[in-house]
$ cat model-v1.tsv   # TSV, C-alpha atoms and all ligand atoms
chain	number	residue	atom	x	y	z
A	1	MET	CA	82.44	-60.05	65.79
A	2	THR	CA	82.86	-60.20	62.00
A	3	THR	CA	86.20	-59.05	60.65
A	4	PRO	CA	86.03	-55.99	58.39
A	5	LYS	CA	86.73	-56.88	54.80
A	6	HIS	CA	87.81	-54.92	51.81
A	7	PRO	CA	85.23	-54.31	49.10
A	8	LEU	CA	85.33	-57.16	46.63
A	9	THR	CA	84.07	-55.23	43.64
A	10	PRO	CA	83.81	-51.61	42.49
A	11	ASP	CA	80.06	-51.77	43.18
A	12	GLU	CA	80.59	-53.04	46.69
A	13	GLU	CA	83.02	-50.24	47.24
A	14	VAL	CA	80.28	-47.73	46.40
A	15	ILE	CA	77.07	-49.42	47.47
A	16	ARG	CA	78.18	-51.16	50.64
A	17	ALA	CA	80.90	-48.75	51.63
A	18	GLN	CA	78.84	-47.36	54.48
A	19	GLU	CA	78.61	-50.75	56.14
A	20	MET	CA	80.91	-51.09	59.11
A	21	ARG	CA	82.14	-54.48	58.04
A	22	VAL	CA	83.33	-53.27	54.64
A	23	VAL	CA	86.46	-51.16	54.90
A	24	SER	CA	87.62	-49.05	52.04
A	25	GLU	CA	90.55	-46.73	51.55
A	26	LEU	CA	88.33	-44.15	49.92
A	27	THR	CA	86.05	-41.62	51.56
A	28	ASP	CA	82.79	-40.76	49.79
A	29	GLU	CA	84.30	-37.44	48.79
A	30	GLN	CA	87.28	-39.19	47.21
A	31	ARG	CA	84.90	-41.56	45.47
A	32	VAL	CA	82.91	-38.69	44.00
A	33	LEU	CA	86.14	-37.06	42.82
A	34	ARG	CA	87.16	-40.30	41.18
A	35	MET	CA	83.83	-40.51	39.36
A	36	ALA	CA	84.09	-36.89	38.27
A	37	ASP	CA	87.62	-37.53	37.08
A	38	GLU	CA	86.48	-40.47	34.98
A	39	LEU	CA	83.75	-38.40	33.38
A	40	ARG	CA	86.16	-35.50	32.78
A	41	ARG	CA	88.78	-37.75	31.18
A	42	GLY	CA	86.15	-39.43	29.02
A	43	PHE	CA	84.69	-36.15	27.82
A	44	ALA	CA	88.15	-34.77	27.02
A	45	ALA	CA	89.26	-37.87	25.13
A	46	LEU	CA	86.12	-38.26	23.08
A	47	THR	CA	85.06	-34.71	22.39
A	48	ASN	CA	86.14	-34.79	18.73
A	49	VAL	CA	85.03	-38.35	18.02
A	50	SER	CA	82.19	-37.72	15.62
A	51	PRO	CA	80.30	-39.04	13.81
A	52	ALA	CA	80.51	-42.27	15.71
A	53	VAL	CA	78.53	-45.37	16.55
A	54	SER	CA	78.61	-47.57	19.61
A	55	VAL	CA	78.77	-51.27	18.87
A	56	PHE	CA	77.88	-53.71	21.63
A	57	GLY	CA	78.38	-57.46	21.51
A	58	SER	CA	79.55	-60.55	23.27
A	59	ALA	CA	82.95	-60.68	24.94
A	60	ARG	CA	82.88	-64.42	24.25
A	61	THR	CA	82.56	-64.57	20.48
A	62	ALA	CA	85.37	-66.88	19.40
A	63	ILE	CA	87.86	-65.62	16.88
A	64	ASP	CA	87.15	-68.53	14.51
A	65	HIS	CA	83.35	-68.18	14.73
A	66	PRO	CA	81.41	-66.82	11.73
A	67	GLU	CA	79.94	-64.23	14.12
A	68	TYR	CA	83.43	-62.79	14.64
A	69	ARG	CA	83.88	-62.36	10.89
A	70	ARG	CA	80.49	-60.70	10.57
A	71	SER	CA	81.27	-58.37	13.44
A	72	ALA	CA	84.53	-57.42	11.76
A	73	GLU	CA	82.68	-56.87	8.51
A	74	LEU	CA	80.21	-54.60	10.28
A	75	GLY	CA	83.07	-52.60	11.82
A	76	ARG	CA	84.71	-52.29	8.42
A	77	LYS	CA	81.54	-51.14	6.68
A	78	LEU	CA	80.84	-48.59	9.39
A	79	GLY	CA	84.42	-47.37	9.16
A	80	GLU	CA	84.30	-47.14	5.36
A	81	ALA	CA	81.17	-45.04	5.73
A	82	GLY	CA	83.24	-42.51	7.68
A	83	LEU	CA	82.13	-43.46	11.16
A	84	ALA	CA	84.28	-43.93	14.24
A	85	VAL	CA	83.53	-47.22	15.97
A	86	ILE	CA	83.22	-47.26	19.76
A	87	THR	CA	83.23	-50.60	21.59
A	88	GLY	CA	83.99	-51.85	25.08
A	89	GLY	CA	87.54	-52.51	23.89
A	90	GLY	CA	87.40	-56.11	25.07
A	91	PRO	CA	87.62	-59.44	23.26
A	92	GLY	CA	85.06	-61.23	21.06
A	93	ALA	CA	82.63	-59.15	19.07
A	94	MET	CA	84.16	-55.94	20.45
A	95	GLU	CA	87.58	-56.92	19.16
A	96	ALA	CA	86.11	-57.89	15.79
A	97	ALA	CA	84.31	-54.58	15.35
A	98	ASN	CA	87.49	-52.69	16.31
A	99	LYS	CA	89.45	-54.81	13.84
A	100	GLY	CA	87.05	-53.94	11.03
A	101	ALA	CA	87.21	-50.25	11.88
A	102	ARG	CA	91.01	-50.34	11.90
A	103	GLU	CA	91.03	-52.07	8.49
A	104	ALA	CA	88.88	-49.25	7.14
A	105	ASN	CA	91.28	-46.66	8.60
A	106	ALA	CA	88.48	-45.35	10.77
A	107	LEU	CA	88.97	-44.31	14.36
A	108	SER	CA	88.70	-47.42	16.51
A	109	VAL	CA	87.75	-46.61	20.11
A	110	GLY	CA	87.73	-48.90	23.15
A	111	LEU	CA	86.06	-47.91	26.42
A	112	THR	CA	87.73	-50.46	28.64
A	113	ILE	CA	86.64	-51.35	32.15
A	114	ASP	CA	88.24	-52.74	35.31
A	115	LEU	CA	86.96	-56.29	35.64
A	116	PRO	CA	88.00	-58.97	38.15
A	117	ALA	CA	89.26	-61.24	35.37
A	118	GLU	CA	91.45	-58.49	34.00
A	119	GLU	CA	91.75	-58.53	30.23
A	120	ARG	CA	93.92	-56.27	28.18
A	121	VAL	CA	92.47	-53.89	25.65
A	122	ASN	CA	92.16	-55.63	22.31
A	123	ARG	CA	94.95	-54.89	19.85
A	124	TYR	CA	92.70	-53.16	17.31
A	125	VAL	CA	91.86	-50.19	19.52
A	126	ASP	CA	93.52	-46.90	18.52
A	127	LEU	CA	91.99	-44.73	21.23
A	128	GLU	CA	91.50	-46.32	24.63
A	129	VAL	CA	89.67	-44.69	27.51
A	130	HIS	CA	89.78	-46.77	30.68
A	131	PHE	CA	87.08	-46.78	33.34
A	132	HIS	CA	86.66	-48.08	36.86
A	133	TYR	CA	82.92	-47.40	37.05
A	134	PHE	CA	80.49	-48.96	34.58
A	135	PHE	CA	78.07	-46.06	34.85
A	136	CYS	CA	80.68	-43.46	33.87
A	137	ARG	CA	81.62	-45.56	30.89
A	138	LYS	CA	77.97	-45.89	29.84
A	139	VAL	CA	77.67	-42.13	29.58
A	140	MET	CA	80.41	-42.22	26.93
A	141	PHE	CA	78.78	-44.95	24.86
A	142	VAL	CA	75.63	-42.89	24.73
A	143	ARG	CA	76.96	-39.36	24.50
A	144	TYR	CA	79.34	-39.75	21.57
A	145	ALA	CA	77.37	-42.07	19.29
A	146	SER	CA	74.76	-41.28	16.69
A	147	ALA	CA	73.48	-44.85	16.63
A	148	TYR	CA	73.71	-48.01	18.68
A	149	LEU	CA	74.29	-51.41	17.17
A	150	ALA	CA	74.05	-54.66	19.08
A	151	LEU	CA	75.67	-57.82	17.82
A	152	PRO	CA	74.71	-61.10	19.48
A	153	GLY	CA	75.68	-60.98	23.14
A	154	GLY	CA	74.88	-61.78	26.73
A	155	PHE	CA	74.02	-59.78	29.86
A	156	GLY	CA	76.45	-56.96	29.13
A	157	THR	CA	75.11	-56.45	25.63
A	158	LEU	CA	71.49	-56.61	26.84
A	159	ASP	CA	72.25	-54.09	29.56
A	160	GLU	CA	73.77	-51.65	27.09
A	161	LEU	CA	70.95	-52.18	24.59
A	162	PHE	CA	68.19	-51.56	27.12
A	163	GLU	CA	70.02	-48.59	28.58
A	164	CYS	CA	69.91	-46.96	25.13
A	165	LEU	CA	66.27	-47.89	24.55
A	166	THR	CA	65.25	-46.53	27.95
A	167	LEU	CA	67.08	-43.24	27.42
A	168	ILE	CA	65.41	-42.80	24.03
A	169	GLN	CA	61.97	-43.78	25.34
A	170	THR	CA	62.21	-41.29	28.18
A	171	GLN	CA	63.57	-38.63	25.79
A	172	LYS	CA	66.78	-38.24	27.73
A	173	ILE	CA	68.57	-38.60	24.41
A	174	ARG	CA	67.53	-38.10	20.80
A	175	ASP	CA	65.75	-40.73	18.79
A	176	PHE	CA	68.92	-42.41	17.55
A	177	PRO	CA	68.74	-45.69	15.62
A	178	VAL	CA	68.99	-48.87	17.63
A	179	ILE	CA	70.00	-51.71	15.36
A	180	LEU	CA	70.03	-55.39	16.24
A	181	ILE	CA	72.30	-57.39	14.00
A	182	GLY	CA	71.26	-61.04	13.70
A	183	VAL	CA	67.63	-62.02	13.13
A	184	GLU	CA	68.11	-65.51	14.49
A	185	HIS	CA	69.75	-64.28	17.68
A	186	TRP	CA	67.50	-61.28	18.41
A	187	GLY	CA	64.22	-62.39	16.78
A	188	GLY	CA	62.93	-64.23	19.85
A	189	LEU	CA	63.52	-61.23	22.10
A	190	VAL	CA	61.79	-58.86	19.68
A	191	ASN	CA	58.82	-61.24	19.41
A	192	TRP	CA	58.62	-61.43	23.18
A	193	MET	CA	58.70	-57.65	23.44
A	194	ARG	CA	55.83	-57.45	20.93
A	195	ASP	CA	53.78	-60.27	22.48
A	196	GLU	CA	54.30	-59.29	26.09
A	197	LEU	CA	55.45	-55.70	26.38
A	198	VAL	CA	53.45	-54.04	23.60
A	199	ARG	CA	50.42	-56.27	23.97
A	200	TYR	CA	50.10	-55.61	27.68
A	201	HIS	CA	50.92	-51.90	27.32
A	202	ARG	CA	54.22	-52.04	29.13
A	203	ILE	CA	55.82	-50.22	26.21
A	204	SER	CA	54.30	-48.36	23.25
A	205	PRO	CA	54.31	-49.79	19.73
A	206	GLU	CA	56.62	-46.89	18.71
A	207	ASP	CA	59.18	-48.05	21.24
A	208	LEU	CA	59.51	-51.25	19.29
A	209	ASP	CA	59.19	-49.64	15.85
A	210	ARG	CA	62.38	-47.71	16.40
A	211	ILE	CA	64.40	-50.90	16.59
A	212	LEU	CA	65.79	-52.20	13.30
A	213	LEU	CA	66.29	-55.95	13.31
A	214	THR	CA	68.36	-57.10	10.38
A	215	ASP	CA	70.99	-59.42	8.97
A	216	ASP	CA	71.80	-56.94	6.23
A	217	LEU	CA	74.91	-54.97	7.23
A	218	ASP	CA	74.45	-52.50	4.38
A	219	GLU	CA	70.92	-51.74	5.52
A	220	ALA	CA	72.28	-51.14	9.02
A	221	VAL	CA	74.93	-48.73	7.75
A	222	GLU	CA	72.40	-46.89	5.58
A	223	ARG	CA	70.12	-46.45	8.58
A	224	VAL	CA	73.01	-45.00	10.57
A	225	LEU	CA	74.06	-42.63	7.80
A	226	ALA	CA	70.51	-41.37	7.34
A	227	ALA	CA	70.35	-40.61	11.07
A	228	VAL	CA	73.72	-38.86	11.04
A	229	ALA	CA	72.56	-36.69	8.12
A	230	ARG	CA	69.34	-35.81	9.97
A	231	GLN	CA	71.29	-34.92	13.09
A	232	GLN	CA	73.70	-32.72	11.15
A	233	ILE	CA	70.79	-30.83	9.59
A	234	ALA	CA	69.15	-30.47	13.01
A	235	ASP	CA	72.43	-29.24	14.56
A	236	THR	CA	73.17	-26.66	11.87
A	237	GLY	CA	69.58	-25.70	11.00
A	301	LIG	P1	78.38	-59.76	27.19
A	301	LIG	O1	77.32	-59.55	26.16
A	301	LIG	O2	77.84	-60.18	28.52
A	301	LIG	O3	79.52	-60.60	26.71
A	301	LIG	O4	78.99	-58.33	27.50
A	301	LIG	C1	79.53	-57.59	26.44
A	301	LIG	C2	79.26	-56.12	26.64
A	301	LIG	O5	79.55	-55.76	28.00
A	301	LIG	C3	80.19	-55.32	25.75
A	301	LIG	O6	79.47	-54.54	24.80
A	301	LIG	C4	81.05	-54.49	26.71
A	301	LIG	O7	80.77	-53.12	26.70
A	301	LIG	C5	80.78	-55.06	28.10
A	301	LIG	N1	81.87	-56.03	28.46
A	301	LIG	C6	81.69	-57.28	28.91
A	301	LIG	N2	82.89	-57.91	29.10
A	301	LIG	C7	83.84	-57.01	28.76
A	301	LIG	C8	85.27	-57.03	28.72
A	301	LIG	N3	85.98	-58.10	29.05
A	301	LIG	N4	85.92	-55.92	28.31
A	301	LIG	C9	85.24	-54.81	27.97
A	301	LIG	N5	83.90	-54.73	27.97
A	301	LIG	C10	83.19	-55.81	28.36
$ encode --input "model-v1.tsv" --output "structure tokens" --more "lines below"
Ligand code: AMP
Amino acid sequence: MTTPKHPLTPDEEVIRAQEMRVVSELTDEQRVLRMADELRRGFAALTNVSPAVSVFGSARTAIDHPEYRRSAELGRKLGEAGLAVITGGGPGAMEAANKGAREANALSVGLTIDLPAEERVNRYVDLEVHFHYFFCRKVMFVRYASAYLALPGGFGTLDELFECLTLIQTQKIRDFPVILIGVEHWGGLVNWMRDELVRYHRISPEDLDRILLTDDLDEAVERVLAAVARQQIADTG
């Protein structure tokens, strides 16, 4: 007989919790309450954070890498334009974007997450909201931002980027700008999407047209501000 084991990850706690060999302290009802509590806390903490942008990017960008400086510059420019900057509150590009926002005296937000290799919130976050469940945290990235910007990154960044693109494509959220910073980093992916996804009708050309791919941080900020202005007109009109 196999010995029951505790869930190893938050996902295992949810997805495999019904298996006899995974024991958990939580009942499903308690789990649902915990999820609801995370959403409630997130909504309460972020309700006045507007206008804001969500900035995604690698947790691994080294502090002495040019990419870190560019990410900080992006955060600063967004902050100077009057935008709150929401990141995952972790290290690397997230930290850099928070640093830039702080330098611009803008609100610097970190949506931190329980991870096995526990890392502290970066020191440039002014408003931290902590999450156990990735999916609750994702709601916050999407709900409180008027645009999504992705700096070079890995799986986490790709996941967040495609989450936003899917929600826009399926009209679950408004047509907010999705901006990829770094032509060299993102160019190959965009080409692949054109050559494979558009060409073989897996997405529509408009799905790709809504993505701005640029190295120009000012162009990125202008695109965000134009969208914020459009949204404000739509909200008041
Ligand atoms: P990656 O591109 O794989 O480095 O993942 C970065 C993205 O995933 C960020 O935009 C974060 O939202 C999330 N993420 C990954 N690692 C962390 C971390 N240590 N702290 C907070 N968020 C993280």
$ closest_residue --input "model-v1.tsv" --among "A:Tyr144, A:Val49, A:Ser71, A:Arg199" --to "Leu127 in chain A" --atoms "all atoms listed in the file"
A:Val49
$ closest_residue --input "model-v1.tsv" --among "A:Ala45, A:Leu74, A:Leu161, A:Ala104" --to "ligand LIG 301 (chain A)" --atoms "all atoms listed in the file"
A:Leu161
$ atom_distance --input "model-v1.tsv" --atom1 "CA of Glu206 in chain A" --atom2 "CA of Ala234 in chain A"
21.4 Å
$ residues_around --input "model-v1.tsv" --residues "Cys164 in chain A" --least-positions-apart "5" --cutoff "9 Å" --atoms "all atoms listed in the file" --output "ChimeraX atom specification"
/A:142,148,159,169,173,176,178
$ closest_residue --input "model-v1.tsv" --among "A:Gly153, A:Ile113, A:Thr236, A:Arg70" --to "Asp216 in chain A" --atoms "only C-alpha atoms"
A:Arg70
$ residues_near_ligand --input "model-v1.tsv" --ligand "ligand LIG 301 (chain A)" --cutoff "7 Å" --atoms "all atoms listed in the file" --output "compact mmCIF listing (two decimals) with C-alpha atoms, keeping the file's coordinate frame"
# COMPACT_ATOMS: atom_id res chain seq x y z
CA VAL A 55 78.77 -51.27 18.87
CA PHE A 56 77.88 -53.71 21.63
CA GLY A 57 78.38 -57.46 21.51
CA SER A 58 79.55 -60.55 23.27
CA ALA A 59 82.95 -60.68 24.94
CA ARG A 60 82.88 -64.42 24.25
CA THR A 87 83.23 -50.60 21.59
CA GLY A 88 83.99 -51.85 25.08
CA GLY A 89 87.54 -52.51 23.89
CA GLY A 90 87.40 -56.11 25.07
CA PRO A 91 87.62 -59.44 23.26
CA MET A 94 84.16 -55.94 20.45
CA THR A 112 87.73 -50.46 28.64
CA ILE A 113 86.64 -51.35 32.15
CA LEU A 115 86.96 -56.29 35.64
CA GLU A 119 91.75 -58.53 30.23
CA GLY A 153 75.68 -60.98 23.14
CA GLY A 154 74.88 -61.78 26.73
CA PHE A 155 74.02 -59.78 29.86
CA GLY A 156 76.45 -56.96 29.13
CA THR A 157 75.11 -56.45 25.63
CA LEU A 158 71.49 -56.61 26.84
CA GLU A 160 73.77 -51.65 27.09
$ residues_around --input "model-v1.tsv" --residues "Phe131 in chain A" --least-positions-apart "4" --cutoff "8 Å" --atoms "only C-alpha atoms" --output "ChimeraX atom specification"
/A:38,111-114,136-137
$ residues_around --input "model-v1.tsv" --residues "Ser108 in chain A" --least-positions-apart "6" --cutoff "6 Å" --atoms "all atoms listed in the file" --output "list in words"
Val85, Asn98, Ala101, Arg102, Val125 and Asp126 of chain A
$ atom_distance --input "model-v1.tsv" --atom1 "CA of Arg69 in chain A" --atom2 "CA of Gly82 in chain A"
20.1 Å
$ closest_residue --input "model-v1.tsv" --among "A:Leu39, A:Leu208, A:Leu225, A:Glu80" --to "Met193 in chain A" --atoms "all atoms listed in the file"
A:Leu208
$ residues_around --input "model-v1.tsv" --residues "Arg174 in chain A" --least-positions-apart "3" --cutoff "12 Å" --atoms "only C-alpha atoms" --output "number ranges by chain"
A: 142-148, 164-171, 177-178, 210, 227-228, 230-231, 234-235
$ atom_distance --input "model-v1.tsv" --atom1 "CA of Leu46 in chain A" --atom2 "CA of Asn122 in chain A"
18.4 Å
$ residues_around --input "model-v1.tsv" --residues "Arg194 in chain A" --least-positions-apart "6" --cutoff "12 Å" --atoms "all atoms listed in the file" --output "NGL selection string"
:A and (187-188 or 200-209 or 211)
$ axis_aligned_box --input "model-v1.tsv" --around "range 55-72 of chain A" --padding-each-side "5 Å" --output "lines of an AutoDock Vina configuration file"
center_x = 82.9
center_y = -59.9
center_z = 17.8
size_x = 20.0
size_y = 27.3
size_z = 24.4
$ closest_residue --input "model-v1.tsv" --among "A:Arg123, A:Tyr133, A:Val198, A:Met140" --to "Val32 in chain A" --atoms "all atoms listed in the file"
A:Tyr133
$ decode --input "model-v1.tsv" --residues "range 206-222 of chain A" --atoms "N, CA, C and O atoms" --output "mmCIF file, in the first residue's frame"
data_model
loop_
_atom_site.group_PDB
_atom_site.id
_atom_site.type_symbol
_atom_site.label_atom_id
_atom_site.label_comp_id
_atom_site.auth_asym_id
_atom_site.auth_seq_id
_atom_site.Cartn_x
_atom_site.Cartn_y
_atom_site.Cartn_z
ATOM 1 N N GLU A 206 -6.192 40.013 -37.446
ATOM 2 C CA GLU A 206 -6.408 41.090 -36.437
ATOM 3 C C GLU A 206 -5.847 40.703 -35.075
ATOM 4 O O GLU A 206 -5.483 41.566 -34.292
ATOM 5 N N ASP A 207 -5.836 39.415 -34.779
ATOM 6 C CA ASP A 207 -5.295 38.995 -33.481
ATOM 7 C C ASP A 207 -3.824 39.387 -33.357
ATOM 8 O O ASP A 207 -3.345 39.710 -32.269
ATOM 9 N N LEU A 208 -3.150 39.327 -34.488
ATOM 10 C CA LEU A 208 -1.727 39.676 -34.482
ATOM 11 C C LEU A 208 -1.542 41.191 -34.586
ATOM 12 O O LEU A 208 -0.633 41.753 -33.981
ATOM 13 N N ASP A 209 -2.441 41.832 -35.355
ATOM 14 C CA ASP A 209 -2.316 43.279 -35.561
ATOM 15 C C ASP A 209 -2.408 44.047 -34.251
ATOM 16 O O ASP A 209 -1.894 45.142 -34.126
ATOM 17 N N ARG A 210 -3.082 43.485 -33.286
ATOM 18 C CA ARG A 210 -3.259 44.246 -32.042
ATOM 19 C C ARG A 210 -2.004 44.227 -31.173
ATOM 20 O O ARG A 210 -1.920 44.950 -30.192
ATOM 21 N N ILE A 211 -1.036 43.424 -31.547
ATOM 22 C CA ILE A 211 0.208 43.395 -30.767
ATOM 23 C C ILE A 211 1.166 44.451 -31.306
ATOM 24 O O ILE A 211 1.412 44.508 -32.510
ATOM 25 N N LEU A 212 1.686 45.290 -30.419
ATOM 26 C CA LEU A 212 2.741 46.223 -30.824
ATOM 27 C C LEU A 212 4.083 45.627 -30.419
ATOM 28 O O LEU A 212 4.306 45.327 -29.242
ATOM 29 N N LEU A 213 4.948 45.474 -31.392
ATOM 30 C CA LEU A 213 6.307 44.971 -31.134
ATOM 31 C C LEU A 213 7.256 46.135 -31.328
ATOM 32 O O LEU A 213 7.316 46.711 -32.418
ATOM 33 N N THR A 214 7.984 46.496 -30.302
ATOM 34 C CA THR A 214 8.811 47.700 -30.414
ATOM 35 C C THR A 214 10.009 47.668 -29.467
ATOM 36 O O THR A 214 9.998 46.958 -28.457
ATOM 37 N N ASP A 215 11.011 48.479 -29.841
ATOM 38 C CA ASP A 215 12.121 48.754 -28.923
ATOM 39 C C ASP A 215 11.993 50.165 -28.361
ATOM 40 O O ASP A 215 12.795 50.572 -27.529
ATOM 41 N N ASP A 216 11.017 50.884 -28.879
ATOM 42 C CA ASP A 216 10.897 52.303 -28.557
ATOM 43 C C ASP A 216 9.966 52.468 -27.339
ATOM 44 O O ASP A 216 8.737 52.336 -27.460
ATOM 45 N N LEU A 217 10.550 52.774 -26.194
ATOM 46 C CA LEU A 217 9.759 52.852 -24.959
ATOM 47 C C LEU A 217 8.746 53.993 -25.012
ATOM 48 O O LEU A 217 7.647 53.893 -24.465
ATOM 49 N N ASP A 218 9.123 55.079 -25.695
ATOM 50 C CA ASP A 218 8.185 56.209 -25.798
ATOM 51 C C ASP A 218 6.965 55.826 -26.637
ATOM 52 O O ASP A 218 5.839 56.206 -26.327
ATOM 53 N N GLU A 219 7.227 55.083 -27.700
ATOM 54 C CA GLU A 219 6.103 54.616 -28.531
ATOM 55 C C GLU A 219 5.170 53.725 -27.693
ATOM 56 O O GLU A 219 3.947 53.829 -27.778
ATOM 57 N N ALA A 220 5.772 52.895 -26.866
ATOM 58 C CA ALA A 220 4.972 52.007 -26.013
ATOM 59 C C ALA A 220 4.099 52.825 -25.063
ATOM 60 O O ALA A 220 2.893 52.570 -24.931
ATOM 61 N N VAL A 221 4.702 53.831 -24.440
ATOM 62 C CA VAL A 221 3.945 54.648 -23.478
ATOM 63 C C VAL A 221 2.830 55.419 -24.199
ATOM 64 O O VAL A 221 1.697 55.503 -23.710
ATOM 65 N N GLU A 222 3.159 55.948 -25.376
ATOM 66 C CA GLU A 222 2.126 56.669 -26.145
ATOM 67 C C GLU A 222 0.948 55.764 -26.468
ATOM 68 O O GLU A 222 -0.215 56.168 -26.381
#
